[in-house]
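Chemist: run_14.pdb is the file, holding PDB, C-alpha atoms and all ligand atoms:
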```
ATOM      1  CA  MET A  16      -0.453 -18.582  -3.435  1.00  0.00           C
ATOM      2  CA  THR A  17       1.164 -18.021  -6.767  1.00  0.00           C
ATOM      3  CA  GLY A  18       1.280 -20.909  -9.162  1.00  0.00           C
ATOM      4  CA  LYS A  19       1.221 -21.996 -12.726  1.00  0.00           C
ATOM      5  CA  ARG A  20      -2.426 -21.261 -13.494  1.00  0.00           C
ATOM      6  CA  ARG A  21      -2.823 -18.322 -15.850  1.00  0.00           C
ATOM      7  CA  SER A  22      -6.149 -16.541 -16.255  1.00  0.00           C
ATOM      8  CA  LYS A  23      -6.577 -13.694 -18.698  1.00  0.00           C
ATOM      9  CA  LYS A  24     -10.326 -13.392 -18.149  1.00  0.00           C
ATOM     10  CA  PRO A  25     -11.574  -9.849 -17.660  1.00  0.00           C
ATOM     11  CA  TRP A  26     -13.827  -9.063 -14.718  1.00  0.00           C
ATOM     12  CA  ARG A  27     -17.355  -9.854 -15.882  1.00  0.00           C
ATOM     13  CA  LYS A  28     -20.201  -8.653 -13.700  1.00  0.00           C
ATOM     14  CA  ALA A  29     -22.844 -10.698 -15.507  1.00  0.00           C
ATOM     15  CA  ASP A  30     -21.007 -14.018 -15.089  1.00  0.00           C
ATOM     16  CA  SER A  31     -19.575 -13.583 -11.642  1.00  0.00           C
ATOM     17  CA  GLY A  32     -22.316 -11.622  -9.944  1.00  0.00           C
ATOM     18  CA  VAL A  33     -19.691  -9.319  -8.456  1.00  0.00           C
ATOM     19  CA  PHE A  34     -20.650  -5.664  -8.356  1.00  0.00           C
ATOM     20  CA  TRP A  35     -17.646  -4.287  -6.546  1.00  0.00           C
ATOM     21  CA  GLY A  36     -15.135  -3.233  -9.243  1.00  0.00           C
ATOM     22  CA  LEU A  37     -12.268  -5.688  -9.129  1.00  0.00           C
ATOM     23  CA  LEU A  38      -8.985  -4.091  -8.071  1.00  0.00           C
ATOM     24  CA  THR A  39      -5.614  -5.693  -8.686  1.00  0.00           C
ATOM     25  CA  ASP A  40      -3.236  -2.755  -8.301  1.00  0.00           C
ATOM     26  CA  LEU A  41      -1.209  -3.554  -5.182  1.00  0.00           C
ATOM     27  CA  VAL A  42      -0.444   0.075  -4.289  1.00  0.00           C
ATOM     28  CA  GLN A  43      -4.099   1.047  -4.560  1.00  0.00           C
ATOM     29  CA  ILE A  44      -5.168  -1.999  -2.555  1.00  0.00           C
ATOM     30  CA  ARG A  45      -2.689  -1.266   0.211  1.00  0.00           C
ATOM     31  CA  ALA A  46      -3.917   2.333   0.510  1.00  0.00           C
ATOM     32  CA  LEU A  47      -7.605   1.401   0.424  1.00  0.00           C
ATOM     33  CA  ALA A  48      -7.182  -1.423   2.911  1.00  0.00           C
ATOM     34  CA  ALA A  49      -5.570   1.028   5.339  1.00  0.00           C
ATOM     35  CA  ALA A  50      -8.353   3.546   4.697  1.00  0.00           C
ATOM     36  CA  HIS A  51     -10.964   0.843   5.414  1.00  0.00           C
ATOM     37  CA  ASP A  52      -9.410  -0.229   8.726  1.00  0.00           C
ATOM     38  CA  ALA A  53     -12.001   1.373  10.997  1.00  0.00           C
ATOM     39  CA  GLU A  54     -14.826   0.297   8.676  1.00  0.00           C
ATOM     40  CA  ASN A  55     -13.614  -3.306   8.842  1.00  0.00           C
ATOM     41  CA  VAL A  56     -13.517  -3.256  12.637  1.00  0.00           C
ATOM     42  CA  ALA A  57     -17.121  -1.988  12.619  1.00  0.00           C
ATOM     43  CA  PHE A  58     -18.032  -4.674  10.063  1.00  0.00           C
ATOM     44  CA  ARG A  59     -16.666  -7.455  12.276  1.00  0.00           C
ATOM     45  CA  ARG A  60     -18.608  -6.056  15.219  1.00  0.00           C
ATOM     46  CA  HIS A  61     -21.733  -5.936  13.028  1.00  0.00           C
ATOM     47  CA  LEU A  62     -21.265  -9.594  12.049  1.00  0.00           C
ATOM     48  CA  SER A  63     -21.009 -10.698  15.661  1.00  0.00           C
ATOM     49  CA  VAL A  64     -24.703  -9.823  16.047  1.00  0.00           C
ATOM     50  CA  HIS A  65     -26.042 -10.105  12.463  1.00  0.00           C
ATOM     51  CA  HIS A  66     -25.258 -13.533  11.103  1.00  0.00           C
ATOM     52  CA  PRO A  67     -24.719 -13.710   7.333  1.00  0.00           C
ATOM     53  CA  PRO A  68     -25.894 -16.689   5.270  1.00  0.00           C
ATOM     54  CA  PRO A  69     -23.581 -19.660   5.798  1.00  0.00           C
ATOM     55  CA  HIS A  70     -21.017 -20.063   3.013  1.00  0.00           C
ATOM     56  CA  LEU A  71     -21.488 -16.537   1.618  1.00  0.00           C
ATOM     57  CA  LEU A  72     -17.880 -15.538   2.333  1.00  0.00           C
ATOM     58  CA  HIS A  73     -16.681 -18.895   0.986  1.00  0.00           C
ATOM     59  CA  ASP A  74     -18.748 -18.495  -2.200  1.00  0.00           C
ATOM     60  CA  ILE A  75     -17.616 -14.921  -2.839  1.00  0.00           C
ATOM     61  CA  GLY A  76     -14.000 -15.951  -2.184  1.00  0.00           C
ATOM     62  CA  ALA A  77     -14.291 -18.763  -4.725  1.00  0.00           C
ATOM     63  CA  ARG A  78     -15.806 -16.381  -7.309  1.00  0.00           C
ATOM     64  CA  VAL A  79     -13.113 -13.755  -6.783  1.00  0.00           C
ATOM     65  CA  GLN A  80     -10.332 -16.369  -6.788  1.00  0.00           C
ATOM     66  CA  ARG A  81     -11.424 -17.511 -10.256  1.00  0.00           C
ATOM     67  CA  GLU A  82     -11.002 -13.977 -11.585  1.00  0.00           C
ATOM     68  CA  ILE A  83      -7.549 -13.164 -10.182  1.00  0.00           C
ATOM     69  CA  ASN A  84      -4.371 -14.245 -11.881  1.00  0.00           C
ATOM     70  CA  CYS A  85      -1.940 -15.094  -9.083  1.00  0.00           C
ATOM     71  CA  THR A  86       0.982 -15.305 -11.489  1.00  0.00           C
ATOM     72  CA  ALA A  87       0.559 -11.586 -12.181  1.00  0.00           C
ATOM     73  CA  CYS A  88       0.798 -10.866  -8.439  1.00  0.00           C
ATOM     74  CA  ALA A  89       2.862 -13.172  -6.191  1.00  0.00           C
ATOM     75  CA  ASN A  90       2.615 -10.580  -3.437  1.00  0.00           C
ATOM     76  CA  CYS A  91       2.021 -13.193  -0.717  1.00  0.00           C
ATOM     77  CA  CYS A  92       5.364 -14.784  -1.645  1.00  0.00           C
ATOM     78  CA  ARG A  93       6.994 -11.420  -0.965  1.00  0.00           C
ATOM     79  CA  GLN A  94       5.063 -10.131   2.019  1.00  0.00           C
ATOM     80  CA  THR A  95       4.582 -13.220   4.179  1.00  0.00           C
ATOM     81  CA  ARG A  96       6.962 -15.623   5.856  1.00  0.00           C
ATOM     82  CA  VAL A  97       6.046 -19.265   5.399  1.00  0.00           C
ATOM     83  CA  GLU A  98       6.382 -21.839   8.150  1.00  0.00           C
ATOM     84  CA  VAL A  99       7.480 -25.224   6.913  1.00  0.00           C
ATOM     85  CA  ARG A 100       7.253 -28.538   8.768  1.00  0.00           C
ATOM     86  CA  PRO A 101      10.210 -30.959   8.837  1.00  0.00           C
ATOM     87  CA  GLU A 102       8.358 -33.495   6.669  1.00  0.00           C
ATOM     88  CA  GLU A 103       7.635 -30.748   4.127  1.00  0.00           C
ATOM     89  CA  VAL A 104      11.345 -29.938   3.956  1.00  0.00           C
ATOM     90  CA  GLU A 105      11.893 -33.604   3.086  1.00  0.00           C
ATOM     91  CA  ASP A 106       9.258 -33.290   0.327  1.00  0.00           C
ATOM     92  CA  ILE A 107      11.022 -30.207  -1.033  1.00  0.00           C
ATOM     93  CA  ALA A 108      14.377 -32.027  -0.997  1.00  0.00           C
ATOM     94  CA  SER A 109      12.890 -34.947  -2.844  1.00  0.00           C
ATOM     95  CA  HIS A 110      11.175 -32.612  -5.349  1.00  0.00           C
ATOM     96  CA  LEU A 111      14.470 -30.837  -5.999  1.00  0.00           C
ATOM     97  CA  GLN A 112      16.360 -34.152  -5.974  1.00  0.00           C
ATOM     98  CA  SER A 113      18.726 -32.605  -3.440  1.00  0.00           C
ATOM     99  CA  ARG A 114      20.192 -33.775  -0.162  1.00  0.00           C
ATOM    100  CA  LEU A 115      18.235 -32.777   2.925  1.00  0.00           C
ATOM    101  CA  PRO A 116      21.226 -31.002   4.597  1.00  0.00           C
ATOM    102  CA  ASP A 117      21.763 -28.948   1.427  1.00  0.00           C
ATOM    103  CA  VAL A 118      18.114 -27.891   1.301  1.00  0.00           C
ATOM    104  CA  LEU A 119      18.166 -26.992   4.994  1.00  0.00           C
ATOM    105  CA  HIS A 120      21.309 -24.946   4.492  1.00  0.00           C
ATOM    106  CA  GLU A 121      20.226 -23.111   1.328  1.00  0.00           C
ATOM    107  CA  TYR A 122      16.500 -22.618   1.646  1.00  0.00           C
ATOM    108  CA  ILE A 123      15.414 -22.933   5.276  1.00  0.00           C
ATOM    109  CA  GLU A 124      16.040 -20.823   8.352  1.00  0.00           C
ATOM    110  CA  ASP A 125      15.208 -21.148  12.031  1.00  0.00           C
ATOM    111  CA  ASP A 126      12.886 -18.858  13.869  1.00  0.00           C
ATOM    112  CA  PRO A 127      14.331 -19.516  17.354  1.00  0.00           C
ATOM    113  CA  ALA A 128      11.799 -17.289  19.105  1.00  0.00           C
ATOM    114  CA  GLU A 129       8.892 -19.338  17.775  1.00  0.00           C
ATOM    115  CA  HIS A 130      10.717 -22.700  17.496  1.00  0.00           C
ATOM    116  CA  LYS A 131       9.719 -22.942  13.841  1.00  0.00           C
ATOM    117  CA  LEU A 132      11.340 -23.508  10.477  1.00  0.00           C
ATOM    118  CA  LEU A 133      10.722 -20.865   7.818  1.00  0.00           C
ATOM    119  CA  LEU A 134      11.316 -20.680   4.091  1.00  0.00           C
ATOM    120  CA  ARG A 135      14.244 -18.322   3.614  1.00  0.00           C
ATOM    121  CA  HIS A 136      13.694 -14.909   2.040  1.00  0.00           C
ATOM    122  CA  ALA A 137      16.240 -13.419  -0.334  1.00  0.00           C
ATOM    123  CA  ALA A 138      16.027  -9.969  -1.922  1.00  0.00           C
ATOM    124  CA  GLY A 139      12.630  -9.394  -0.333  1.00  0.00           C
ATOM    125  CA  GLU A 140      10.893 -12.545  -1.514  1.00  0.00           C
ATOM    126  CA  CYS A 141      10.640 -16.260  -0.895  1.00  0.00           C
ATOM    127  CA  VAL A 142      13.770 -17.977  -2.073  1.00  0.00           C
ATOM    128  CA  PHE A 143      11.656 -20.263  -4.276  1.00  0.00           C
ATOM    129  CA  LEU A 144       9.971 -17.461  -6.191  1.00  0.00           C
ATOM    130  CA  ASP A 145      11.162 -17.072  -9.749  1.00  0.00           C
ATOM    131  CA  GLU A 146       9.548 -14.243 -11.698  1.00  0.00           C
ATOM    132  CA  ASN A 147       6.185 -14.719  -9.971  1.00  0.00           C
ATOM    133  CA  LEU A 148       6.244 -18.505 -10.341  1.00  0.00           C
ATOM    134  CA  CYS A 149       6.887 -21.001  -7.572  1.00  0.00           C
ATOM    135  CA  MET A 150       9.851 -23.250  -8.302  1.00  0.00           C
ATOM    136  CA  ILE A 151       8.541 -25.938  -5.945  1.00  0.00           C
ATOM    137  CA  TYR A 152       4.839 -25.602  -6.792  1.00  0.00           C
ATOM    138  CA  GLU A 153       4.050 -29.324  -6.450  1.00  0.00           C
ATOM    139  CA  ALA A 154       5.937 -29.513  -3.137  1.00  0.00           C
ATOM    140  CA  ARG A 155       5.026 -26.124  -1.695  1.00  0.00           C
ATOM    141  CA  PRO A 156       4.215 -26.202   2.044  1.00  0.00           C
ATOM    142  CA  ARG A 157       0.712 -26.224   3.424  1.00  0.00           C
ATOM    143  CA  PRO A 158       0.493 -22.470   4.225  1.00  0.00           C
ATOM    144  CA  CYS A 159       1.203 -21.764   0.549  1.00  0.00           C
ATOM    145  CA  ARG A 160      -1.426 -24.272  -0.581  1.00  0.00           C
ATOM    146  CA  GLU A 161      -4.054 -22.827   1.733  1.00  0.00           C
ATOM    147  CA  PHE A 162      -3.385 -19.112   1.369  1.00  0.00           C
ATOM    148  CA  PRO A 163      -5.523 -16.962   1.327  1.00  0.00           C
ATOM    149  CA  HIS A 164      -7.653 -19.286   3.509  1.00  0.00           C
ATOM    150  CA  LEU A 165     -10.977 -18.096   2.088  1.00  0.00           C
ATOM    151  CA  THR A 166     -12.374 -21.392   0.944  1.00  0.00           C
ATOM    152  CA  LEU A 167     -11.384 -23.603   3.861  1.00  0.00           C
ATOM    153  CA  ASP A 168     -14.457 -25.323   5.205  1.00  0.00           C
ATOM    154  CA  HIS A 169     -12.966 -26.172   8.588  1.00  0.00           C
ATOM    155  CA  GLU A 170     -12.541 -22.527   9.627  1.00  0.00           C
ATOM    156  CA  SER A 171     -15.300 -20.614  11.349  1.00  0.00           C
ATOM    157  CA  LEU A 172     -16.443 -17.312   9.873  1.00  0.00           C
ATOM    158  CA  GLY A 173     -14.969 -15.517  12.901  1.00  0.00           C
ATOM    159  CA  SER A 174     -11.468 -16.922  12.466  1.00  0.00           C
ATOM    160  CA  ARG A 175     -11.653 -16.531   8.692  1.00  0.00           C
ATOM    161  CA  LEU A 176     -12.708 -12.910   9.024  1.00  0.00           C
ATOM    162  CA  SER A 177      -9.859 -12.187  11.346  1.00  0.00           C
ATOM    163  CA  SER A 178      -7.330 -13.432   8.759  1.00  0.00           C
ATOM    164  CA  VAL A 179      -9.301 -11.734   5.951  1.00  0.00           C
ATOM    165  CA  CYS A 180      -9.013  -8.348   7.639  1.00  0.00           C
ATOM    166  CA  ARG A 181      -5.344  -8.997   8.450  1.00  0.00           C
ATOM    167  CA  ASN A 182      -4.433  -9.941   4.873  1.00  0.00           C
ATOM    168  CA  ALA A 183      -6.629  -7.527   2.888  1.00  0.00           C
ATOM    169  CA  TRP A 184      -3.750  -5.091   2.329  1.00  0.00           C
ATOM    170  CA  LEU A 185      -1.481  -7.651   0.714  1.00  0.00           C
ATOM    171  CA  CYS A 186      -3.750  -9.926  -1.311  1.00  0.00           C
ATOM    172  CA  PRO A 187      -6.061  -8.829  -4.138  1.00  0.00           C
ATOM    173  CA  ILE A 188      -8.214 -11.944  -3.676  1.00  0.00           C
ATOM    174  CA  VAL A 189      -8.756 -11.170  -0.003  1.00  0.00           C
ATOM    175  CA  PHE A 190      -9.272  -7.449  -0.515  1.00  0.00           C
ATOM    176  CA  ASN A 191     -11.880  -7.889  -3.260  1.00  0.00           C
ATOM    177  CA  THR A 192     -13.658 -10.663  -1.366  1.00  0.00           C
ATOM    178  CA  LEU A 193     -13.963  -8.532   1.740  1.00  0.00           C
ATOM    179  CA  GLU A 194     -15.264  -5.537  -0.213  1.00  0.00           C
ATOM    180  CA  GLN A 195     -17.755  -7.707  -2.080  1.00  0.00           C
ATOM    181  CA  PHE A 196     -18.850  -9.385   1.174  1.00  0.00           C
ATOM    182  CA  LYS A 197     -19.632  -5.987   2.723  1.00  0.00           C
ATOM    183  CA  HIS A 198     -21.422  -4.958  -0.463  1.00  0.00           C
ATOM    184  CA  GLU A 199     -23.620  -8.063  -0.621  1.00  0.00           C
ATOM    185  CA  LEU A 200     -24.597  -7.719   3.021  1.00  0.00           C
ATOM    186  CA  GLY A 201     -25.562  -4.083   2.481  1.00  0.00           C
ATOM    187  CA  PHE A 202     -23.080  -2.867   5.082  1.00  0.00           C
ATOM    188  CA  PRO A 203     -22.942   0.967   5.007  1.00  0.00           C
ATOM    189  CA  ARG A 204     -19.608   2.081   3.489  1.00  0.00           C
ATOM    190  CA  SER A 205     -17.497   5.029   4.511  1.00  0.00           C
ATOM    191  CA  HIS A 206     -16.109   5.517   0.954  1.00  0.00           C
TER
HETATM  192  S1  LIG B 301      -1.323 -12.264  -2.761  1.00  0.00           S
HETATM  193 FE1  LIG B 301      -3.311 -13.204  -3.220  1.00  0.00          FE
HETATM  194  S2  LIG B 301      -3.709 -12.694  -5.365  1.00  0.00           S
HETATM  195 FE2  LIG B 301      -1.534 -12.366  -4.982  1.00  0.00          FE
HETATM  196  S3  LIG B 301      -0.542 -14.308  -5.551  1.00  0.00           S
HETATM  197 FE3  LIG B 301      -0.980 -14.407  -3.371  1.00  0.00          FE
HETATM  198  S4  LIG B 301      -2.977 -15.431  -3.241  1.00  0.00           S
HETATM  199 FE4  LIG B 301      -2.726 -14.722  -5.361  1.00  0.00          FE
HETATM  200  S1  LIG B 302       7.114 -21.807  -1.639  1.00  0.00           S
HETATM  201 FE1  LIG B 302       7.621 -19.632  -1.781  1.00  0.00          FE
HETATM  202  S2  LIG B 302       7.323 -19.116  -3.927  1.00  0.00           S
HETATM  203 FE2  LIG B 302       6.281 -21.052  -3.556  1.00  0.00          FE
HETATM  204  S3  LIG B 302       4.150 -20.479  -3.076  1.00  0.00           S
HETATM  205 FE3  LIG B 302       5.269 -20.651  -1.131  1.00  0.00          FE
HETATM  206  S4  LIG B 302       5.982 -18.570  -0.666  1.00  0.00           S
HETATM  207 FE4  LIG B 302       5.425 -18.640  -2.849  1.00  0.00          FE
END
```
I need this file expressed as structure tokens, please.
Modeler:
Amino acid sequence: MTGKRRSKKPWRKADSGVFWGLLTDLVQIRALAAAHDAENVAFRRHLSVHHPPPHLLHDIGARVQREINCTACANCCRQTRVEVRPEEVEDIASHLQSRLPDVLHEYIEDDPAEHKLLLRHAAGECVFLDENLCMIYEARPRPCREFPHLTLDHESLGSRLSSVCRNAWLCPIVFNTLEQFKHELGFPRSH
């Protein structure tokens, strides 16, 4: 998720080995991800019988991640709700040098249906987002550290692909990784 790293590097086919044109426009990505819905279902079915080289998705994700500037995006901090564990709320309080009850009151809300704590949203974005930068970057909760889950070694390809297809519409890293993955495996494209 969004952070302090800034990358101004243009998309370079020769260096990255990526042939799918990199897209970062969120409106375009949302529309294309919706248009590719049926194709992605067929792709997942295809992968259940044709096994890709191990680590290919991981490697493409790492390549794409290096080329995307999260501080120009921050869409995950607007479109997703982040679960936070009680010990992470304590970390946030200590990072902000605030009292735990104050942090709970100002920044955290209950999700009674799921028995979880969530980071509060205000004006359509995470309460800790400040002009595309995370105000608690060093103390951000685990889901923020791990999003978009492409380079986690402990996840199987099946579970990673399920979250990849679910998040393609909202995250340029995920969208471009998925498109490049299909491209490198020679999967026939609808458009
Ligand atoms: S949505 Fe994806 S590209 Fe955008 S800030 Fe989050 S992780 Fe980075
Ligand atoms: S804490 Fe909020 S602003 Fe920071 S990375 Fe997580 S969702 Fe984004």
Chemist: Within 12 Å of ligand LIG 301 (chain B), counting all atoms listed in the file, which protein or nucleic acid residues do you find, written as an NGL selection string?
Modeler: :A and (16-22 or 37-41 or 44-45 or 76-77 or 79-95 or 144 or 146-149 or 158-166 or 179 or 182-192)
Chemist: Taking 4 positions as the minimum chain separation for residues in the same chain, which residues sit within 7 Å of Asp106 in chain A when counting all atoms listed in the file? Answer as number ranges by chain.
Modeler: A: 102, 110, 154
Chemist: Take CA of Pro69 in chain A and CA of Arg181 in chain A and report the distance between them in Å, one decimal.
Modeler: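 Answer for the CA of Pro69 in chain A to CA of Arg181 in chain A separation: 21.3 Å.
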Chemist: What's the separation between CA of Val99 in chain A and CA of Leu134 in chain A, in Å to one decimal place?
Modeler: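 Those two atoms sit 6.6 Å apart.
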Chemist: Report as an NGL selection string all protein, DNA and RNA residues lying within 12 Å of Glu54 in chain A, evaluated on all atoms listed in the file, omitting residues in the same chain fewer than 6 positions from it.
Modeler: :A and (47-48 or 60-61 or 180 or 193-194 or 197 or 202-206)
Chemist: Got a sec: who's within 12 Å of His130 in chain A, counting all atoms listed in the file, leaving out chain neighbours fewer than 5 positions off, as a PyMOL selection string?
Modeler: chain A and resi 98-101+124-125
Chemist: Kindly give the distance, in Å, that separates CA of Leu133 in chain A and CA of Val104 in chain A, rounded to a single decimal.
Modeler: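 If I compute the distance from CA of Leu133 in chain A to CA of Val104 in chain A, I get 9.9 Å.
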Chemist: Can you work out which one of A:Leu71, A:Ser63, A:Asp117, A:Ile123 has the shortest atom-to-atom distance to ligand LIG 302 (chain B), counting only C-alpha atoms and all ligand atoms?
Modeler: A:Ile123
Chemist: Hey, which of A:Leu176, A:Leu200, A:Ile151, A:Ala108 ends up closest to ligand LIG 302 (chain B)? Count only C-alpha atoms and all ligand atoms.
Modeler: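 Among A:Leu176, A:Leu200, A:Ile151, A:Ala108, it is A:Ile151 that comes nearest to ligand LIG 302 (chain B).
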Chemist: Missing atoms in range 80-94 of chain A: fill them in up to N, CA and C atoms and send the result as a short mmCIF file (atom, residue, chain, number, x, y, z; two decimals), in the coordinates of the input.
Modeler:
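The resulting file, part.cif, is shown below:
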```cif
data_model
loop_
_atom_site.label_atom_id
_atom_site.label_comp_id
_atom_site.auth_asym_id
_atom_site.auth_seq_id
_atom_site.Cartn_x
_atom_site.Cartn_y
_atom_site.Cartn_z
N GLN A 80 -11.56 -15.61 -6.52
CA GLN A 80 -10.33 -16.37 -6.79
C GLN A 80 -10.25 -16.78 -8.26
N ARG A 81 -11.42 -17.10 -8.84
CA ARG A 81 -11.42 -17.51 -10.26
C ARG A 81 -11.04 -16.36 -11.18
N GLU A 82 -11.22 -15.13 -10.71
CA GLU A 82 -11.00 -13.98 -11.58
C GLU A 82 -9.62 -13.34 -11.42
N ILE A 83 -8.86 -13.79 -10.44
CA ILE A 83 -7.55 -13.16 -10.18
C ILE A 83 -6.43 -14.08 -10.67
N ASN A 84 -5.51 -13.50 -11.38
CA ASN A 84 -4.37 -14.24 -11.88
C ASN A 84 -3.20 -14.12 -10.90
N CYS A 85 -2.99 -15.16 -10.10
CA CYS A 85 -1.94 -15.09 -9.08
C CYS A 85 -0.55 -14.94 -9.69
N THR A 86 -0.36 -15.41 -10.90
CA THR A 86 0.98 -15.30 -11.49
C THR A 86 1.30 -13.88 -11.93
N ALA A 87 0.28 -13.00 -11.90
CA ALA A 87 0.56 -11.59 -12.18
C ALA A 87 0.79 -10.82 -10.88
N CYS A 88 0.76 -11.53 -9.74
CA CYS A 88 0.80 -10.87 -8.44
C CYS A 88 1.98 -11.36 -7.59
N ALA A 89 1.83 -12.55 -7.04
CA ALA A 89 2.86 -13.17 -6.19
C ALA A 89 3.20 -12.34 -4.96
N ASN A 90 2.30 -11.44 -4.57
CA ASN A 90 2.62 -10.58 -3.44
C ASN A 90 2.73 -11.35 -2.12
N CYS A 91 1.94 -12.41 -1.97
CA CYS A 91 2.02 -13.19 -0.72
C CYS A 91 3.41 -13.83 -0.58
N CYS A 92 4.03 -14.16 -1.70
CA CYS A 92 5.36 -14.78 -1.64
C CYS A 92 6.44 -13.75 -1.30
N ARG A 93 6.05 -12.48 -1.33
CA ARG A 93 6.99 -11.42 -0.96
C ARG A 93 6.71 -10.88 0.43
N GLN A 94 5.43 -10.83 0.79
CA GLN A 94 5.06 -10.13 2.02
C GLN A 94 4.88 -11.04 3.22
#
```
